[in-house]
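Engineer: model-v3.txt is reproduced below (compact mmCIF, C-alpha atoms).
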```txt
# COMPACT_ATOMS: atom_id res chain seq x y z
CA MET H 13 0.00 0.00 0.00
CA GLU H 14 2.74 2.44 0.97
CA THR H 15 4.54 1.70 -2.27
CA ILE H 16 1.48 2.79 -4.26
CA PHE H 17 0.50 5.74 -2.07
CA ASN H 18 3.52 8.00 -2.65
CA PRO H 19 3.74 7.68 -6.44
CA LEU H 20 -0.03 8.05 -6.70
CA VAL H 21 -0.08 11.25 -4.61
CA GLY H 22 2.97 12.53 -6.50
CA GLY H 23 1.43 11.89 -9.91
CA LEU H 24 -1.93 13.38 -8.91
CA LEU H 25 -0.15 16.52 -7.63
CA ILE H 26 1.81 16.87 -10.87
CA GLY H 27 -1.32 16.41 -13.00
CA LEU H 28 -3.37 18.75 -10.81
CA THR H 29 -0.69 21.43 -11.02
CA ALA H 30 -0.48 21.15 -14.81
CA THR H 31 -4.29 21.42 -14.98
CA ILE H 32 -4.62 24.46 -12.69
CA TYR H 33 -1.74 26.22 -14.44
CA LEU H 34 -3.31 25.53 -17.84
CA LEU H 35 -6.82 26.66 -16.93
CA VAL H 36 -5.65 29.80 -15.11
CA THR H 37 -2.73 31.05 -17.25
CA GLY H 38 -3.47 29.24 -20.53
CA LYS H 39 0.08 27.86 -20.62
CA VAL H 40 1.66 24.41 -20.57
CA ILE H 41 4.14 23.48 -17.83
CA GLY H 42 7.49 22.55 -19.33
CA ILE H 43 10.46 22.77 -16.98
CA SER H 44 13.12 22.87 -19.70
CA GLY H 45 11.33 25.76 -21.41
CA ILE H 46 10.70 27.70 -18.19
CA LEU H 47 14.37 27.34 -17.19
CA SER H 48 15.46 28.55 -20.62
CA GLN H 49 13.16 31.60 -20.27
CA LEU H 50 14.62 32.33 -16.84
CA VAL H 51 18.18 32.36 -18.15
CA PHE H 52 17.94 33.61 -21.73
CA SER H 53 14.74 35.65 -22.18
CA LYS H 54 13.31 38.91 -21.01
CA GLY H 55 10.46 38.71 -18.51
CA ARG H 56 12.29 36.63 -15.94
CA PHE H 57 10.04 37.29 -12.94
CA LEU H 58 7.43 34.54 -13.46
CA PRO H 59 9.94 31.85 -14.54
CA PHE H 60 12.00 32.75 -11.47
CA LEU H 61 9.00 32.28 -9.16
CA PHE H 62 8.13 28.93 -10.74
CA ILE H 63 11.68 27.56 -10.50
CA ALA H 64 12.08 28.85 -6.92
CA GLY H 65 8.82 27.13 -5.93
CA LEU H 66 9.88 23.95 -7.71
CA ILE H 67 13.18 23.78 -5.85
CA ILE H 68 11.54 24.48 -2.47
CA GLY H 69 8.74 21.93 -3.03
CA GLY H 70 11.11 19.37 -4.50
CA SER H 71 13.37 19.43 -1.47
CA ALA H 72 10.55 18.72 1.01
CA TYR H 73 11.90 15.24 1.71
CA GLY H 74 11.63 14.16 5.30
CA ILE H 75 9.17 16.95 6.12
CA LEU H 76 6.09 15.71 4.29
CA THR H 77 7.22 12.47 2.74
CA GLU H 78 9.56 9.63 3.58
CA GLN H 79 11.91 8.28 0.95
CA THR H 80 11.79 4.56 0.24
CA VAL H 81 15.02 4.39 -1.76
CA ALA H 82 18.36 5.88 -0.68
CA PHE H 83 19.95 8.63 -2.80
CA PRO H 84 22.91 7.38 -4.86
CA GLU H 85 26.43 8.15 -3.70
CA THR H 86 27.69 11.36 -5.30
CA ARG H 87 28.78 10.66 -8.88
CA SER H 88 31.70 12.16 -10.79
CA PRO H 89 31.41 15.77 -12.03
CA LEU H 90 32.31 14.62 -15.56
CA LEU H 91 29.35 12.22 -15.72
CA LEU H 92 26.98 14.90 -14.42
CA ILE H 93 28.31 17.52 -16.85
CA ILE H 94 27.93 15.22 -19.89
CA SER H 95 24.42 14.36 -18.73
CA GLY H 96 23.49 18.01 -18.14
CA LEU H 97 24.76 19.12 -21.56
CA LEU H 98 22.79 16.36 -23.33
CA VAL H 99 19.63 17.06 -21.33
CA GLY H 100 19.92 20.84 -21.82
CA TYR H 101 20.63 20.77 -25.56
CA GLY H 102 18.37 17.78 -26.29
CA THR H 103 15.28 19.13 -24.53
CA ARG H 104 15.55 22.50 -26.30
CA LEU H 105 16.12 20.94 -29.73
CA GLY H 106 13.29 18.46 -29.12
CA GLY H 107 11.03 21.16 -27.69
CA GLY H 108 10.33 19.62 -24.30
CA CYS H 109 11.19 17.23 -21.51
CA THR H 110 9.42 14.81 -19.19
CA SER H 111 6.93 17.49 -18.08
CA GLY H 112 6.17 19.30 -21.34
CA HIS H 113 6.09 16.26 -23.62
CA GLY H 114 5.68 13.39 -21.14
CA VAL H 115 2.84 14.76 -19.01
CA CYS H 116 1.25 17.81 -20.66
CA GLY H 117 1.76 16.66 -24.25
CA ILE H 118 0.43 13.14 -23.79
CA SER H 119 -2.54 14.55 -21.80
CA ARG H 120 -3.68 16.39 -24.91
CA LEU H 121 -2.71 13.46 -27.18
CA SER H 122 -0.19 15.52 -29.17
CA PRO H 123 1.45 13.23 -31.77
CA ARG H 124 4.76 15.12 -31.37
CA SER H 125 4.79 14.62 -27.62
CA ILE H 126 3.82 10.94 -27.83
CA ALA H 127 6.67 10.38 -30.32
CA ALA H 128 9.12 12.41 -28.20
CA THR H 129 8.21 10.46 -25.04
CA ILE H 130 8.61 7.08 -26.75
CA ILE H 131 12.00 8.18 -28.14
CA PHE H 132 13.48 9.60 -24.92
CA MET H 133 12.17 6.68 -22.86
CA ALA H 134 13.76 4.27 -25.36
CA THR H 135 17.18 5.96 -25.49
CA ALA H 136 17.17 6.35 -21.68
CA ILE H 137 16.36 2.64 -21.18
CA ILE H 138 19.12 1.65 -23.64
CA THR H 139 21.60 4.01 -21.92
CA VAL H 140 20.87 2.53 -18.48
CA ALA H 141 21.10 -1.02 -19.87
CA VAL H 142 24.49 -0.23 -21.47
CA LEU H 143 25.90 1.56 -18.39
CA ASN H 144 24.76 -1.17 -15.99
CA MET M 22 -2.34 37.18 -9.09
CA ASN M 23 -0.33 35.62 -11.93
CA ALA M 24 2.72 35.69 -9.69
CA ILE M 25 0.96 33.88 -6.84
CA ILE M 26 -0.40 31.18 -9.17
CA THR M 27 3.01 30.70 -10.79
CA LEU M 28 4.81 30.38 -7.44
CA LEU M 29 2.13 27.97 -6.15
CA ALA M 30 2.32 25.91 -9.33
CA GLY M 31 6.09 25.60 -8.92
CA LEU M 32 5.69 24.60 -5.27
CA LEU M 33 2.99 21.99 -5.96
CA PHE M 34 4.88 20.59 -8.94
CA GLY M 35 8.02 20.27 -6.81
CA LEU M 36 6.04 18.56 -4.06
CA GLY M 37 4.67 16.15 -6.67
CA LEU M 38 8.23 15.32 -7.74
CA ALA M 39 9.28 14.80 -4.10
CA PHE M 40 6.29 12.57 -3.29
CA SER M 41 6.80 10.46 -6.38
CA GLU M 42 10.55 10.27 -5.52
CA MET M 43 11.44 11.43 -9.02
CA THR M 44 13.83 13.84 -7.29
CA ASN M 45 15.90 10.79 -6.36
CA PRO M 46 18.01 9.69 -9.38
CA ALA M 47 18.27 6.16 -7.92
CA VAL M 48 14.48 5.78 -8.30
CA VAL M 49 14.55 7.11 -11.88
CA ILE M 50 17.43 4.85 -12.92
CA GLY M 51 15.60 1.93 -11.25
CA PHE M 52 12.55 2.76 -13.39
CA LEU M 53 14.62 2.88 -16.58
CA ASP M 54 16.45 -0.35 -15.73
CA ILE M 55 13.79 -2.65 -17.21
CA PHE M 56 16.35 -5.35 -18.04
CA GLY M 57 17.78 -5.30 -14.51
CA ASN M 58 16.31 -4.62 -11.08
CA TRP M 59 13.19 -2.83 -12.35
CA ASN M 60 11.28 -0.38 -10.12
CA PRO M 61 7.94 0.30 -11.86
CA SER M 62 6.64 2.95 -9.40
CA LEU M 63 7.07 5.82 -11.88
CA ILE M 64 4.47 4.22 -14.16
CA ILE M 65 1.91 5.07 -11.46
CA VAL M 66 3.25 8.64 -11.37
CA MET M 67 3.04 9.10 -15.15
CA ALA M 68 -0.37 7.42 -15.45
CA SER M 69 -2.00 9.40 -12.63
CA ALA M 70 -0.47 12.69 -13.80
CA ILE M 71 -1.66 12.11 -17.39
CA ALA M 72 -5.14 11.01 -16.22
CA VAL M 73 -5.62 14.26 -14.28
CA GLY M 74 -4.04 16.25 -17.12
CA MET M 75 -6.60 14.81 -19.54
CA ILE M 76 -9.42 16.09 -17.35
CA GLY M 77 -7.73 19.50 -17.55
CA TYR M 78 -7.77 19.48 -21.36
CA PHE M 79 -11.38 18.29 -21.32
CA ILE M 80 -12.34 21.33 -19.19
CA LYS M 81 -10.21 23.58 -21.43
CA GLY M 82 -12.25 22.41 -24.41
CA LYS M 83 -15.36 23.89 -22.79
CA GLN M 84 -13.72 27.23 -21.90
CA LEU M 85 -13.33 30.13 -24.31
CA ARG M 86 -10.18 31.42 -22.65
CA PRO M 87 -8.04 30.92 -19.52
CA PHE M 88 -9.19 32.58 -16.26
CA LEU M 89 -6.24 35.02 -16.21
CA GLY M 90 -5.37 35.43 -19.85
CA SER M 91 -6.82 36.35 -23.20
CA THR M 92 -5.64 33.36 -25.26
CA TRP M 93 -4.57 29.74 -24.87
CA GLN M 94 -0.82 29.31 -25.40
CA VAL M 95 -0.81 25.56 -25.96
CA PRO M 96 1.61 24.27 -28.65
CA THR M 97 -0.23 23.51 -31.88
CA LEU M 98 2.63 22.05 -33.93
CA ARG M 99 1.83 18.44 -34.85
CA GLN M 100 4.60 17.49 -37.26
CA ILE M 101 7.24 15.00 -36.09
CA ASP M 102 10.48 16.39 -37.54
CA SER M 103 14.16 15.51 -37.30
CA LYS M 104 14.76 18.11 -34.56
CA LEU M 105 12.19 16.41 -32.34
CA ILE M 106 13.67 12.97 -32.99
CA ILE M 107 17.34 13.97 -32.53
CA GLY M 108 16.65 16.25 -29.56
CA SER M 109 14.56 13.67 -27.72
CA SER M 110 17.16 10.96 -28.40
CA LEU M 111 19.94 13.12 -26.91
CA PHE M 112 17.75 14.04 -23.95
CA GLY M 113 17.04 10.35 -23.24
CA ILE M 114 20.75 9.47 -23.29
CA GLY M 115 21.52 12.32 -20.86
CA TRP M 116 18.59 11.31 -18.65
CA GLY M 117 19.77 7.68 -18.56
CA ILE M 118 23.34 8.71 -17.65
CA SER M 119 22.46 10.56 -14.43
CA GLY M 120 18.77 9.89 -13.74
CA TYR M 121 18.10 13.64 -13.83
CA CYS M 122 15.64 15.32 -16.15
CA PRO M 123 15.37 19.14 -15.82
CA GLY M 124 12.93 19.38 -12.85
CA PRO M 125 14.56 16.82 -10.55
CA GLY M 126 17.99 18.13 -11.63
CA LEU M 127 17.05 21.59 -10.36
CA THR M 128 15.88 20.16 -7.02
CA ALA M 129 19.29 18.47 -6.70
CA LEU M 130 20.71 21.96 -6.08
CA VAL M 131 19.23 21.55 -2.58
CA ASN M 132 18.85 17.76 -2.19
CA ASN M 133 22.37 16.92 -3.32
CA PRO M 134 24.32 20.14 -4.08
CA ASN M 135 27.55 18.29 -4.91
CA GLU M 136 25.75 16.80 -7.90
CA GLY M 137 23.23 19.56 -8.61
CA ILE M 138 25.81 22.28 -9.20
CA TYR M 139 27.50 20.35 -12.04
CA PHE M 140 24.29 19.05 -13.59
CA VAL M 141 22.44 22.38 -13.53
CA GLY M 142 25.51 24.30 -14.74
CA ALA M 143 25.80 21.98 -17.74
CA LEU M 144 22.02 21.99 -18.23
CA ILE M 145 22.05 25.78 -18.63
CA ILE M 146 25.08 25.69 -20.94
CA GLY M 147 23.39 22.99 -23.06
CA SER M 148 20.16 25.03 -23.37
CA GLY M 149 22.26 28.12 -24.11
CA LEU M 150 24.08 26.31 -26.90
CA HIS M 151 20.75 25.68 -28.59
CA TYR M 152 19.53 29.21 -27.86
CA PHE M 153 22.53 30.88 -29.50
CA GLN M 154 22.61 28.35 -32.36
CA THR M 155 19.00 29.28 -33.21
CA LYS M 156 19.79 32.99 -32.86
CA ILE M 157 22.75 32.81 -35.26
CA SER M 158 20.91 30.72 -37.85
CA HIS M 159 18.04 33.22 -37.87
CA LYS M 160 20.33 36.14 -38.71
```
Would you kindly transcribe this structure into structure tokens?

Structural biologist:
Amino acid sequence: METIFNPLVGGLLIGLTATIYLLVTGKVIGISGILSQLVFSKGRFLPFLFIAGLIIGGSAYGILTEQTVAFPETRSPLLLIISGLLVGYGTRLGGGCTSGHGVCGISRLSPRSIAATIIFMATAIITVAVLN
Amino acid sequence: MNAIITLLAGLLFGLGLAFSEMTNPAVVIGFLDIFGNWNPSLIIVMASAIAVGMIGYFIKGKQLRPFLGSTWQVPTLRQIDSKLIIGSSLFGIGWGISGYCPGPGLTALVNNPNEGIYFVGALIIGSGLHYFQTKISHK
């Protein structure tokens, strides 16, 4: 039961947030796009608020929720830098990440987002299989 | 009002990531490791998020415009082009390497700063590379 409860609450919260944000502001939640706006565009105030809220909410471990799996031991900077460059460039070229394509895009049955999600899931699964 | 909604949305979204343990790269890599020691919990996260999201788009279909805006700003592009395919492929490889996609990577700045600082630094440089590439090619 506990193993279902946390992911279910987490997923419902993510979906609910995307829905409220859509119906109120008319916009889609995509973290890679919002981060890019914060750093490279004018009109940084709203992206800043969103990212600040995301970081605060996302670090609420231990206060509201208990983790079931331990965090990995700190990995090498080189691995993290290669990963960050690929994620940063890839999400902008592909027009979205797990939130924009994976959640919001599939929710509205966008063919682009369904294709993107299948592709990034597939290359991520292959990468993990190769590295392990 | 827009500011309050945006901050709240960020907070709730972050809480959703924390609850679903997507902020923990070990959970994400466990989910992607279908040929090894598979942890399917993120299927529940994706499915429940998409189910609620679909209700959102159903309500949107009955509304003329958003509550605090004049027009809907939902992407309308439908064509699957080479940029989408190459970009998503690269993103997946990067995601598989560390277990961080952009949202959880940002939360690592607090949850695990020794990792977050490198990942987020490179994440911004990677997005910037695409930003300036597009800018130059449009000149």

Engineer: Report as AutoDock Vina command-line options the centre and the edge lengths, in Å to one decimal, of the axis-aligned box holding every listed atom of segment 19-26 of chain H, padded by 8 Å on each side.

Structural biologist:
```
--center_x 0.9 --center_y 12.3 --center_z -7.7 --size_x 21.7 --size_y 25.2 --size_z 22.3
```

Engineer: Counting all atoms listed in the file, figure out which residue out of M:Val48, M:Leu36, M:Leu85, M:Met22 gets nearest to Ser62 of chain M.

Structural biologist: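 Once distances to Ser62 of chain M are computed over all atoms listed in the file, the minimum belongs to M:Val48.
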
Engineer: Pick from H:Pro19, H:Thr77, H:Val36, H:Leu28: nearest to Gln94 of chain M, with all atoms listed in the file counted?

Structural biologist: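 Using all atoms listed in the file, the shortest distance to Gln94 of chain M belongs to H:Val36.
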
Engineer: Could you check how far atom CA of Pro84 of chain H sits from atom CA of Leu150 of chain M, in Å to one decimal?

Structural biologist: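 Result for atom CA of Pro84 of chain H versus atom CA of Leu150 of chain M: 29.1 Å, one decimal.
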
Engineer: Which one of M:Ile101, M:Ala70, M:Ala39, M:Ile138 sits closest to Ser119 of chain H if you count all atoms listed in the file?

Structural biologist: M:Ala70

Engineer: Which of these, M:Gly35, M:Gly77, M:Gly117, M:Gly142, has the shortest distance to Val49 of chain M once you count all atoms listed in the file?

Structural biologist: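 Answer, going by the shortest atom-to-atom distance: M:Gly117.
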
Engineer: My list of candidates is M:Gly147, M:His159, M:Arg86, M:Tyr121. Which is closest to chain H when distances are computed with only C-alpha atoms?

Structural biologist: M:Gly147

Engineer: Just want the 6 Å neighbourhood of Leu61 of chain H, counted on all atoms listed in the file, with same-chain residues fewer than 3 positions away dropped. Output as a VMD selection string.

Structural biologist: (chain H and resid 58 64) or (chain M and resid 28)

Engineer: Need the shell around Thr139 of chain H: protein/DNA/RNA residues with any atom at most 9 Å away, counting all atoms listed in the file. Skip same-chain ones fewer than 4 positions apart. Format as a PyMOL selection string?

Structural biologist: (chain H and resi 134-135+143-144) or (chain M and resi 53+113-118)
